[in-house]
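Data file: start25.txt. Format and content: compact mmCIF, C-alpha atoms and all ligand atoms.
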```txt
# COMPACT_ATOMS: atom_id res chain seq x y z
CA MET A 632 110.59 120.23 99.35
CA LYS A 633 111.76 116.96 97.84
CA ALA A 634 109.32 114.07 98.07
CA GLU A 635 110.35 111.00 99.99
CA ILE A 636 109.72 107.82 97.98
CA LEU A 637 108.51 104.92 100.09
CA LYS A 638 108.40 101.42 98.54
CA ILE A 639 105.27 99.59 99.53
CA ASN A 640 103.95 96.11 98.94
CA PRO A 641 100.28 96.32 97.84
CA ASP A 642 99.77 92.68 98.85
CA HIS A 643 100.98 93.28 102.38
CA ILE A 644 99.77 96.49 103.99
CA ASP A 645 102.24 97.81 106.55
CA SER A 646 100.06 99.71 109.01
CA GLU A 647 102.97 101.76 110.33
CA GLN A 648 103.68 103.08 106.81
CA MET A 649 99.99 103.78 106.24
CA ASN A 650 99.61 105.61 109.54
CA ARG A 651 102.57 107.80 108.70
CA ALA A 652 101.19 108.65 105.26
CA GLY A 653 97.71 109.17 106.73
CA GLU A 654 99.15 111.56 109.33
CA ILE A 655 100.77 113.67 106.57
CA LEU A 656 97.35 113.99 104.90
CA LYS A 657 95.63 114.84 108.19
CA GLN A 658 98.22 117.60 108.75
CA GLY A 659 97.41 119.11 105.33
CA GLY A 660 100.31 117.57 103.36
CA LEU A 661 100.25 115.84 99.94
CA VAL A 662 100.88 112.12 99.33
CA ALA A 663 100.92 110.43 95.91
CA PHE A 664 99.69 106.83 95.90
CA PRO A 665 98.88 104.02 93.46
CA THR A 666 95.31 103.11 92.53
CA GLU A 667 94.12 100.51 90.01
CA THR A 668 93.70 103.23 87.33
CA VAL A 669 96.65 105.69 87.59
CA TYR A 670 98.67 107.24 90.45
CA GLY A 671 96.70 109.84 92.44
CA LEU A 672 97.90 112.98 94.20
CA GLY A 673 96.17 112.85 97.58
CA GLY A 674 95.18 115.65 99.95
CA ASN A 675 92.50 115.92 102.65
CA ALA A 676 89.29 116.44 100.62
CA LEU A 677 87.48 118.22 103.46
CA ASP A 678 90.22 120.80 103.92
CA ALA A 679 90.10 123.79 101.54
CA GLN A 680 93.81 124.52 101.94
CA SER A 681 94.84 120.97 101.07
CA SER A 682 92.84 121.20 97.86
CA GLU A 683 94.45 124.53 97.01
CA LYS A 684 97.84 122.89 97.54
CA ILE A 685 96.91 120.14 95.06
CA TYR A 686 96.04 122.72 92.38
CA ARG A 687 99.32 124.53 92.97
CA ALA A 688 101.43 121.35 92.90
CA LYS A 689 99.86 120.21 89.62
CA GLY A 690 99.64 123.65 88.03
CA ARG A 691 95.98 122.75 87.50
CA PRO A 692 93.39 125.39 86.52
CA SER A 693 91.27 126.04 89.61
CA ASP A 694 87.97 125.45 87.79
CA ASN A 695 88.85 121.79 87.26
CA PRO A 696 87.35 119.85 90.19
CA LEU A 697 88.99 117.01 92.12
CA ILE A 698 87.59 113.51 92.66
CA VAL A 699 86.95 112.62 96.32
CA HIS A 700 88.12 109.08 97.14
CA ILE A 701 86.41 107.05 99.85
CA ALA A 702 87.08 103.55 101.20
CA ASP A 703 83.70 102.65 102.72
CA MET A 704 80.17 103.03 101.38
CA GLU A 705 78.87 104.71 104.56
CA HIS A 706 81.24 107.60 103.91
CA LEU A 707 79.36 108.49 100.74
CA PHE A 708 76.15 109.68 102.40
CA PRO A 709 77.46 112.58 104.56
CA ILE A 710 79.10 114.35 101.59
CA VAL A 711 76.24 114.16 99.06
CA GLU A 712 72.64 115.41 99.18
CA GLN A 713 71.06 112.31 97.73
CA VAL A 714 72.10 108.96 96.27
CA PRO A 715 69.67 107.71 93.59
CA GLN A 716 68.82 103.99 93.62
CA LYS A 717 70.61 103.53 90.29
CA ALA A 718 73.80 104.93 91.76
CA VAL A 719 73.53 102.46 94.63
CA ARG A 720 73.21 99.66 92.08
CA LEU A 721 76.33 100.85 90.22
CA ALA A 722 78.23 101.13 93.50
CA GLU A 723 77.21 97.59 94.44
CA LYS A 724 78.40 96.28 91.10
CA PHE A 725 81.51 98.36 90.39
CA TRP A 726 82.87 99.67 93.73
CA PRO A 727 85.59 99.40 94.66
CA GLY A 728 86.58 99.99 91.05
CA PRO A 729 87.27 102.40 88.18
CA LEU A 730 83.94 104.26 88.39
CA THR A 731 83.43 107.85 89.57
CA MET A 732 79.92 109.17 90.27
CA ILE A 733 78.86 112.82 90.53
CA PHE A 734 76.18 114.00 93.01
CA LYS A 735 75.02 117.27 94.52
CA LYS A 736 77.39 118.03 97.40
CA THR A 737 76.69 118.90 101.05
CA ASP A 738 78.43 121.68 102.98
CA MET A 739 81.00 119.20 104.26
CA VAL A 740 82.85 119.44 100.94
CA PRO A 741 84.58 122.79 100.40
CA PHE A 742 84.18 124.57 97.06
CA GLU A 743 87.96 124.50 96.72
CA THR A 744 87.70 120.72 96.26
CA THR A 745 84.90 120.93 93.67
CA GLY A 746 86.36 123.77 91.62
CA GLY A 747 83.47 126.00 92.73
CA LEU A 748 80.75 123.53 91.65
CA GLU A 749 77.69 122.52 93.71
CA SER A 750 78.38 118.89 92.78
CA VAL A 751 81.07 116.48 93.92
CA ALA A 752 82.70 113.52 92.15
CA VAL A 753 83.23 110.41 94.31
CA ARG A 754 85.09 107.15 93.72
CA MET A 755 86.11 104.07 95.72
CA PRO A 756 89.38 102.78 94.27
CA ASP A 757 90.10 99.05 93.99
CA HIS A 758 93.60 99.02 95.42
CA PRO A 759 94.55 97.83 98.92
CA THR A 760 97.11 100.62 99.48
CA ALA A 761 94.70 103.34 98.35
CA LEU A 762 91.94 102.01 100.62
CA ALA A 763 94.26 101.71 103.63
CA LEU A 764 95.60 105.22 103.07
CA ILE A 765 92.11 106.74 102.77
CA ARG A 766 91.08 105.08 106.05
CA ALA A 767 94.29 106.23 107.78
CA ALA A 768 93.65 109.79 106.57
CA GLY A 769 90.14 109.96 108.06
CA GLY A 770 88.03 108.76 105.14
CA TYR A 771 88.09 111.46 102.44
CA VAL A 772 91.03 111.93 100.08
CA ALA A 773 90.88 114.30 97.08
CA ALA A 774 93.08 112.75 94.43
CA PRO A 775 93.48 113.93 90.85
CA SER A 776 95.99 112.11 88.67
CA ALA A 777 99.50 112.78 90.03
CA ASN A 778 100.92 114.50 86.93
CA ARG A 779 101.68 118.13 86.10
CA SER A 780 98.56 119.52 84.47
CA GLY A 781 98.46 118.71 80.75
CA ARG A 782 100.99 115.83 80.90
CA PRO A 783 100.21 112.15 80.45
CA SER A 784 98.82 110.58 83.65
CA PRO A 785 101.37 108.66 85.73
CA THR A 786 101.30 104.87 85.73
CA THR A 787 104.50 104.42 87.79
CA ALA A 788 105.99 106.17 90.85
CA GLU A 789 108.89 107.32 88.62
CA HIS A 790 106.42 109.28 86.46
CA VAL A 791 105.09 110.97 89.61
CA ALA A 792 108.61 111.85 90.80
CA GLU A 793 109.43 113.25 87.32
CA ASP A 794 106.43 115.63 87.40
CA LEU A 795 105.87 116.41 91.10
CA GLY A 796 108.95 115.21 92.99
CA GLU A 797 109.81 118.75 94.06
CA ASN A 798 106.30 119.78 95.13
CA ILE A 799 104.88 117.09 97.43
CA ASP A 800 105.72 115.33 100.72
CA LEU A 801 105.61 111.62 99.96
CA ILE A 802 105.25 109.16 97.07
CA LEU A 803 104.06 105.63 97.88
CA ASP A 804 105.68 103.41 95.26
CA GLY A 805 103.58 100.33 94.60
CA GLY A 806 104.98 99.60 91.13
CA MET A 807 103.08 99.91 87.85
CA VAL A 808 99.30 100.33 88.05
CA GLY A 809 96.90 97.74 86.62
CA ILE A 810 94.45 99.49 84.27
CA GLY A 811 96.48 102.50 83.17
CA ILE A 812 93.73 104.98 82.21
CA GLU A 813 91.45 107.02 84.45
CA SER A 814 88.03 106.03 85.81
CA THR A 815 84.74 106.25 83.94
CA ILE A 816 82.80 109.30 85.21
CA VAL A 817 78.98 109.13 85.45
CA ASP A 818 76.98 112.24 86.34
CA PHE A 819 73.91 111.63 88.53
CA THR A 820 72.91 115.31 88.72
CA GLU A 821 71.29 114.91 85.27
CA GLN A 822 67.83 113.44 84.72
CA ILE A 823 69.40 110.57 82.81
CA PRO A 824 72.77 109.34 84.13
CA THR A 825 75.43 110.68 81.77
CA VAL A 826 78.98 109.55 81.03
CA LEU A 827 81.29 112.58 81.24
CA ARG A 828 84.52 110.63 80.71
CA PRO A 829 84.81 107.14 79.19
CA GLY A 830 87.00 104.62 81.02
CA TYR A 831 87.48 100.93 81.68
CA ILE A 832 83.78 100.54 82.52
CA SER A 833 82.04 100.97 79.18
CA LEU A 834 78.66 102.54 78.37
CA GLU A 835 77.32 99.04 77.65
CA MET A 836 78.38 97.75 81.08
CA LEU A 837 76.61 100.68 82.75
CA GLN A 838 73.46 100.24 80.65
CA GLU A 839 73.35 96.55 81.42
CA CYS A 840 73.28 97.39 85.13
CA ILE A 841 70.86 100.38 85.29
CA GLY A 842 69.18 100.79 81.88
CA GLU A 843 69.34 104.14 80.12
CA VAL A 844 72.69 105.97 80.28
CA LYS A 845 73.77 108.73 77.86
CA MET A 846 77.13 109.97 76.64
CA ASP A 847 77.86 113.67 77.23
CA LYS A 848 77.37 115.57 73.92
CA GLY A 849 80.67 117.33 74.40
CA LEU A 850 82.46 113.98 74.26
CA LEU A 851 80.85 112.87 71.02
CA ALA A 852 81.31 116.16 69.16
CA SER A 853 84.37 116.15 66.93
CA ASP A 854 84.58 119.97 66.91
CA SER A 855 85.28 121.86 70.08
CA LYS A 856 82.18 124.12 69.98
CA VAL A 857 80.16 121.79 72.20
CA ARG A 858 81.87 121.95 75.60
CA PRO A 859 82.17 118.76 77.62
CA LYS A 860 80.46 118.96 81.03
CA ALA A 861 83.44 117.69 83.05
CA PRO A 862 85.55 120.87 83.19
CA GLY A 863 88.77 118.87 82.91
CA MET A 864 87.79 117.39 79.56
CA LYS A 865 87.98 120.73 77.77
CA TYR A 866 91.72 121.14 78.38
CA ARG A 867 94.45 119.75 76.16
CA HIS A 868 95.65 116.80 78.14
CA TYR A 869 97.88 113.74 78.26
CA ALA A 870 100.19 115.43 75.77
CA PRO A 871 103.74 114.30 75.01
CA LYS A 872 106.29 117.01 74.20
CA ALA A 873 106.48 116.27 70.45
CA PRO A 874 103.40 116.80 68.25
CA LEU A 875 101.41 113.58 67.95
CA SER A 876 99.25 112.66 64.93
CA ILE A 877 96.87 109.73 64.70
CA VAL A 878 96.68 107.92 61.34
CA GLU A 879 93.34 106.22 60.73
CA GLY A 880 92.05 103.89 58.00
CA PRO A 881 92.52 100.32 56.71
CA GLU A 882 95.61 98.71 58.25
CA GLU A 883 97.73 98.45 55.09
CA CYS A 884 97.06 102.09 54.15
CA VAL A 885 97.88 103.24 57.68
CA ILE A 886 101.21 101.41 57.66
CA ASP A 887 102.13 102.88 54.26
CA LYS A 888 101.17 106.39 55.33
CA ILE A 889 103.07 106.26 58.62
CA ASN A 890 106.14 104.90 56.81
CA SER A 891 106.07 107.74 54.29
CA LEU A 892 105.51 110.41 56.99
CA ALA A 893 108.37 108.93 59.04
CA CYS A 894 110.60 109.01 55.97
CA GLU A 895 109.94 112.74 55.53
CA VAL A 896 110.87 113.53 59.14
CA ILE A 897 114.05 111.46 58.95
CA GLY A 898 114.86 113.08 55.59
CA SER A 899 114.89 116.48 57.24
CA GLY A 900 117.40 115.23 59.80
CA ASP A 901 115.09 114.64 62.78
CA ARG A 902 114.08 111.63 64.84
CA VAL A 903 110.57 110.26 64.54
CA GLY A 904 108.48 108.13 66.91
CA ILE A 905 105.94 105.52 65.80
CA ILE A 906 103.26 103.93 68.00
CA ALA A 907 102.47 100.48 66.63
CA THR A 908 101.07 97.21 68.02
CA ASP A 909 102.64 93.77 68.45
CA GLU A 910 100.91 92.84 65.19
CA THR A 911 102.38 95.70 63.11
CA PHE A 912 105.65 96.45 64.92
CA GLU A 913 107.86 94.82 62.30
CA ARG A 914 106.20 96.64 59.42
CA TYR A 915 107.96 99.90 60.26
CA PRO A 916 111.58 99.69 59.10
CA GLN A 917 112.57 103.24 60.12
CA GLY A 918 112.16 105.52 63.12
CA ILE A 919 111.84 104.69 66.80
CA VAL A 920 109.02 102.18 66.86
CA LYS A 921 107.21 101.23 70.07
CA SER A 922 104.52 98.63 70.45
CA ILE A 923 101.71 99.79 72.69
CA GLY A 924 100.33 96.25 73.16
CA THR A 925 98.27 93.75 71.23
CA ARG A 926 94.91 94.30 69.57
CA GLY A 927 94.01 90.80 70.77
CA GLU A 928 94.03 92.09 74.39
CA GLU A 929 92.89 95.68 74.35
CA GLU A 930 93.64 96.04 78.09
CA THR A 931 97.34 95.98 77.17
CA ILE A 932 96.87 99.06 74.97
CA ALA A 933 95.23 101.07 77.77
CA HIS A 934 97.86 99.82 80.21
CA ASN A 935 100.81 101.04 78.11
CA LEU A 936 99.40 104.22 76.54
CA TYR A 937 100.76 106.84 78.97
CA GLU A 938 104.05 105.02 79.47
CA VAL A 939 104.71 105.02 75.72
CA LEU A 940 103.83 108.73 75.41
CA ARG A 941 106.25 109.55 78.24
CA GLU A 942 109.01 107.36 76.77
CA PHE A 943 109.02 109.45 73.62
CA ASP A 944 109.68 112.55 75.74
CA GLN A 945 113.04 111.02 76.72
CA LEU A 946 113.96 110.23 73.12
CA ASP A 947 113.90 113.70 71.66
CA VAL A 948 111.69 112.94 68.67
CA ALA A 949 110.42 115.77 66.43
CA ALA A 950 107.10 114.08 65.65
CA ILE A 951 105.11 111.01 66.73
CA TYR A 952 102.70 109.04 64.52
CA SER A 953 100.27 106.58 66.02
CA GLU A 954 97.90 103.99 64.67
CA ALA A 955 94.27 104.40 65.85
CA PHE A 956 92.82 101.98 68.42
CA HIS A 957 89.06 101.64 67.98
CA THR A 958 88.99 98.42 69.97
CA PRO A 959 85.62 96.84 70.91
CA LYS A 960 85.30 97.53 74.67
CA MET A 961 87.84 100.14 75.75
CA GLY A 962 88.23 101.81 72.35
CA GLN A 963 86.16 104.81 73.35
CA ALA A 964 88.30 105.46 76.43
CA ILE A 965 91.60 104.82 74.64
CA MET A 966 90.73 107.02 71.64
CA ASN A 967 89.39 109.78 73.93
CA ARG A 968 92.81 110.00 75.63
CA LEU A 969 94.82 109.58 72.43
CA LEU A 970 92.81 112.27 70.59
CA LYS A 971 93.40 114.70 73.44
CA ALA A 972 97.09 113.89 73.49
CA ALA A 973 97.15 114.58 69.75
CA GLY A 974 95.20 117.82 70.09
CA HIS A 975 92.71 116.09 67.68
CA THR A 976 95.22 115.84 64.83
CA VAL A 977 93.93 112.92 62.76
CA ILE A 978 95.12 111.91 59.30
CA THR A 979 92.58 109.72 57.52
CA VAL A 980 93.79 107.43 54.73
CA LEU A 981 91.68 105.28 52.42
P1 LIG B 1 91.54 113.73 87.27
O1 LIG B 1 91.54 114.35 88.61
O2 LIG B 1 92.76 114.03 86.50
O3 LIG B 1 91.17 112.29 87.26
O4 LIG B 1 90.33 114.46 86.56
C1 LIG B 1 89.07 114.48 87.18
C2 LIG B 1 88.01 114.75 86.15
O5 LIG B 1 86.73 114.74 86.79
C3 LIG B 1 88.16 116.10 85.47
O6 LIG B 1 87.87 115.97 84.09
C4 LIG B 1 87.09 116.91 86.18
O7 LIG B 1 86.66 117.99 85.40
C5 LIG B 1 86.00 115.87 86.43
N1 LIG B 1 85.14 116.24 87.56
C6 LIG B 1 85.44 116.18 88.87
N2 LIG B 1 84.42 116.64 89.63
C7 LIG B 1 83.44 117.01 88.77
C8 LIG B 1 82.13 117.56 88.94
N3 LIG B 1 81.64 117.86 90.13
N4 LIG B 1 81.40 117.80 87.83
C9 LIG B 1 81.89 117.51 86.59
N5 LIG B 1 83.12 116.99 86.38
C10 LIG B 1 83.89 116.74 87.45
MG MG B 2 94.26 114.03 85.20
```
Target encoding C-alpha cells, full file:
Amino acid sequence: MKAEILKINPDHIDSEQMNRAGEILKQGGLVAFPTETVYGLGGNALDAQSSEKIYRAKGRPSDNPLIVHIADMEHLFPIVEQVPQKAVRLAEKFWPGPLTMIFKKTDMVPFETTGGLESVAVRMPDHPTALALIRAAGGYVAAPSANRSGRPSPTTAEHVAEDLGENIDLILDGGMVGIGIESTIVDFTEQIPTVLRPGYISLEMLQECIGEVKMDKGLLASDSKVRPKAPGMKYRHYAPKAPLSIVEGPEECVIDKINSLACEVIGSGDRVGIIATDETFERYPQGIVKSIGTRGEEETIAHNLYEVLREFDQLDVAAIYSEAFHTPKMGQAIMNRLLKAAGHTVITVL
C-alpha cells in the first residue's frame, strides 16, 4: 500500500476532504495528520485492530501505549473513570494544546490502545485539521508520532512519507508543524500529579495552575536503573543514523572541543555534522554545520530539532556533535529529546 498524500490548508477546512479521511479511520484504516506538536499517525482509538495496525506500521513495541486524541471536552468522560478537579483546571487552561493527561480507563478503551495498561493517555490537539479529522472519525483517534519507532518524530509530511509512506492509507499534508516536539504528559493516576514527559508546557506552568506537581524520578535520573513510568520513555528514541554526542560546558570551551573532535573525524577521511546555533554558527570552520535556531528564542530550537537530526541522515556523516541547550523554559524538554537521540553520550568540558 502506498499512502496518498493530500495537501490541506489548515486555515480553511475542506469538509469533503475531512469526511473522506474520517471515513478511512472509521473503516479501520490509518491516516497521518498534522498537529501543533508533531505529525500523528491516526487510527480509531476504540478499535483494537486499528491500534494493532498502528503498532505494526510504526514497528512500535506493543507495551508502549498510544495517546487518545479528542476534539471536545464531553468526549473525555466516557473513556475515563474519573477526572480530578485539578485535571479539569489544566484542561480549561491548556486544551486544546500540547498537554496529555493520564487517567484510569473505562472498558470503552481496548487494552490494545493502552499497551495493556489500566490507564489511558488523552490529549486535545490545538490544530484545526486535527480537530476536524477527530470529529469526522467519530471522536476518538489514537495517534502516536508518525515516525518509524526509534526515529526522530516527524515535523513535515515528507518525514512521514519517508518513514511510513508504504504502510498507511493517507497523509494529510498541512506543512511544517508549529511547536516541533511532543506534548507534556501529566499522570493523574498518582496521588500527586506527575510529569512523565516534559514538553512545551513546563513544570512551572503546571504548578502555577494547580499547585504541587512532581517530575517522574525516571526522568531525572541520569543512569538508566530508575525506569521512567511512561513505557515509551525507556526506549532509545529520536535517533539519527550517525552517533550523536552532546558537548556541554562554557561556550568557548564547547566550541573548541567540537572543533577538535570534528578535526579528528575529518582527519580520518569521514564527514562530520555539527549542531550549532545562530550565535555560534560561524565559529565552526570545518564540517557540515547546521544552526538549530537562536538561543534568544528557544522555541526555534524545539521547532528545528527533529528536522536537523533527519537532515544529517541524508548527508552521510560518520558522527554528529551538538551543543547543549539548557534554555530557561523548554530546556528540559529539548534536552530530554536530545539526550535520548544521543543515547546519553555527553562530553563535559571545563
Ligand atoms: P508518542 O505516541 O510517540 O507521542 O508517545 C506517547 C508516550 O506516552 C509514550 O512515551 C508512552 O509510553 C506514553 N503513554 C501513553 N499512554 C500512557 C499511559 N497510560 N501510561 C503511561 N504512559 C503512557
Ligand atoms: Mg513518538
Practice prompt. Write out as a ChimeraX atom specification each polymer residue whose atoms come within 10 Å of Gly747 (chain A), counting only C-alpha atoms; drop sequence neighbours fewer than 5 positions from it.
Written response: /A:693-696,741-742
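Considering only C-alpha atoms and all ligand atoms, every residue of the polymer chains approaching ligand MG 2 (chain B) to 8 Å or closer is listed here: A:Pro775, A:Ser776, A:Ala777, A:Asn778, A:Ser780, A:Gly781, A:Pro783, A:Ser784, A:Glu813, A:Gly863, A:His868, A:Tyr869.
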Keeping C-alpha atoms, export the residues of the selection given above as an mmCIF file, keeping the file's coordinate frame.
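File out_37.cif, as written:
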```
data_model
loop_
_atom_site.group_PDB
_atom_site.id
_atom_site.type_symbol
_atom_site.label_atom_id
_atom_site.label_comp_id
_atom_site.auth_asym_id
_atom_site.auth_seq_id
_atom_site.Cartn_x
_atom_site.Cartn_y
_atom_site.Cartn_z
ATOM 1 C CA PRO A 775 93.480 113.930 90.850
ATOM 2 C CA SER A 776 95.990 112.110 88.670
ATOM 3 C CA ALA A 777 99.500 112.780 90.030
ATOM 4 C CA ASN A 778 100.920 114.500 86.930
ATOM 5 C CA SER A 780 98.560 119.520 84.470
ATOM 6 C CA GLY A 781 98.460 118.710 80.750
ATOM 7 C CA PRO A 783 100.210 112.150 80.450
ATOM 8 C CA SER A 784 98.820 110.580 83.650
ATOM 9 C CA GLU A 813 91.450 107.020 84.450
ATOM 10 C CA GLY A 863 88.770 118.870 82.910
ATOM 11 C CA HIS A 868 95.650 116.800 78.140
ATOM 12 C CA TYR A 869 97.880 113.740 78.260
#
```
Item to complete: Find the residues near ligand LIG 1 (chain B). Use a cut-off of 8 Å, count all atoms listed in the file, and write them as an NGL selection string.
Response: :A and (671 or 694-698 or 733-735 or 745-746 or 748-753 or 774-777 or 784 or 813-814 or 816 or 818 or 827-828 or 860-865)
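With CA of Glu879 (chain A) on one side and CA of Thr979 (chain A) on the other, the separation reads 4.8 Å.
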Worksheet item: Which residues, written as a ChimeraX atom specification, have at least one atom at most 8 Å from region 638-646 of chain A, with all atoms listed in the file counted and residues fewer than 5 positions away on the same chain left out?
Response: /A:758-760,763,803-805
Mind dumping the selected residues with C-alpha atoms as a tab-separated table (two decimals), in the frame of the given file?
```
chain	number	residue	atom	x	y	z
A	758	HIS	CA	93.60	99.02	95.42
A	759	PRO	CA	94.55	97.83	98.92
A	760	THR	CA	97.11	100.62	99.48
A	763	ALA	CA	94.26	101.71	103.63
A	803	LEU	CA	104.06	105.63	97.88
A	804	ASP	CA	105.68	103.41	95.26
A	805	GLY	CA	103.58	100.33	94.60
```
Fill in: Straight-line distance linking CA of Thr958 (chain A) with CA of Val808 (chain A), stated in Å to one decimal
20.9 Å
Worksheet item: Of the residues A:His790, A:Gln838, A:Lys724, A:Ile710, which is the one nearest to Lys736 (chain A), using all atoms listed in the file?
Response: A:Ile710
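The residue that comes closest to Ala973 (chain A), out of A:Leu677, A:Leu875, A:Val903, A:Val772 and on the basis of all atoms listed in the file, is A:Leu875.
In this structure, CA of Gln822 (chain A) sits 22.6 Å away from CA of Pro729 (chain A).
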Discussion item. Please list as JSON, numbers by chain every residue within 8 Å of Met632 (chain A), counting only C-alpha atoms and excluding residues in the same chain fewer than 3 positions away.
Written reply: {"A": [797, 798, 799, 800]}
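If only C-alpha atoms are the atoms counted, then among A:Thr787, A:Leu850, A:Thr825, A:Ala907 the closest residue to Ala718 (chain A) is A:Thr825.
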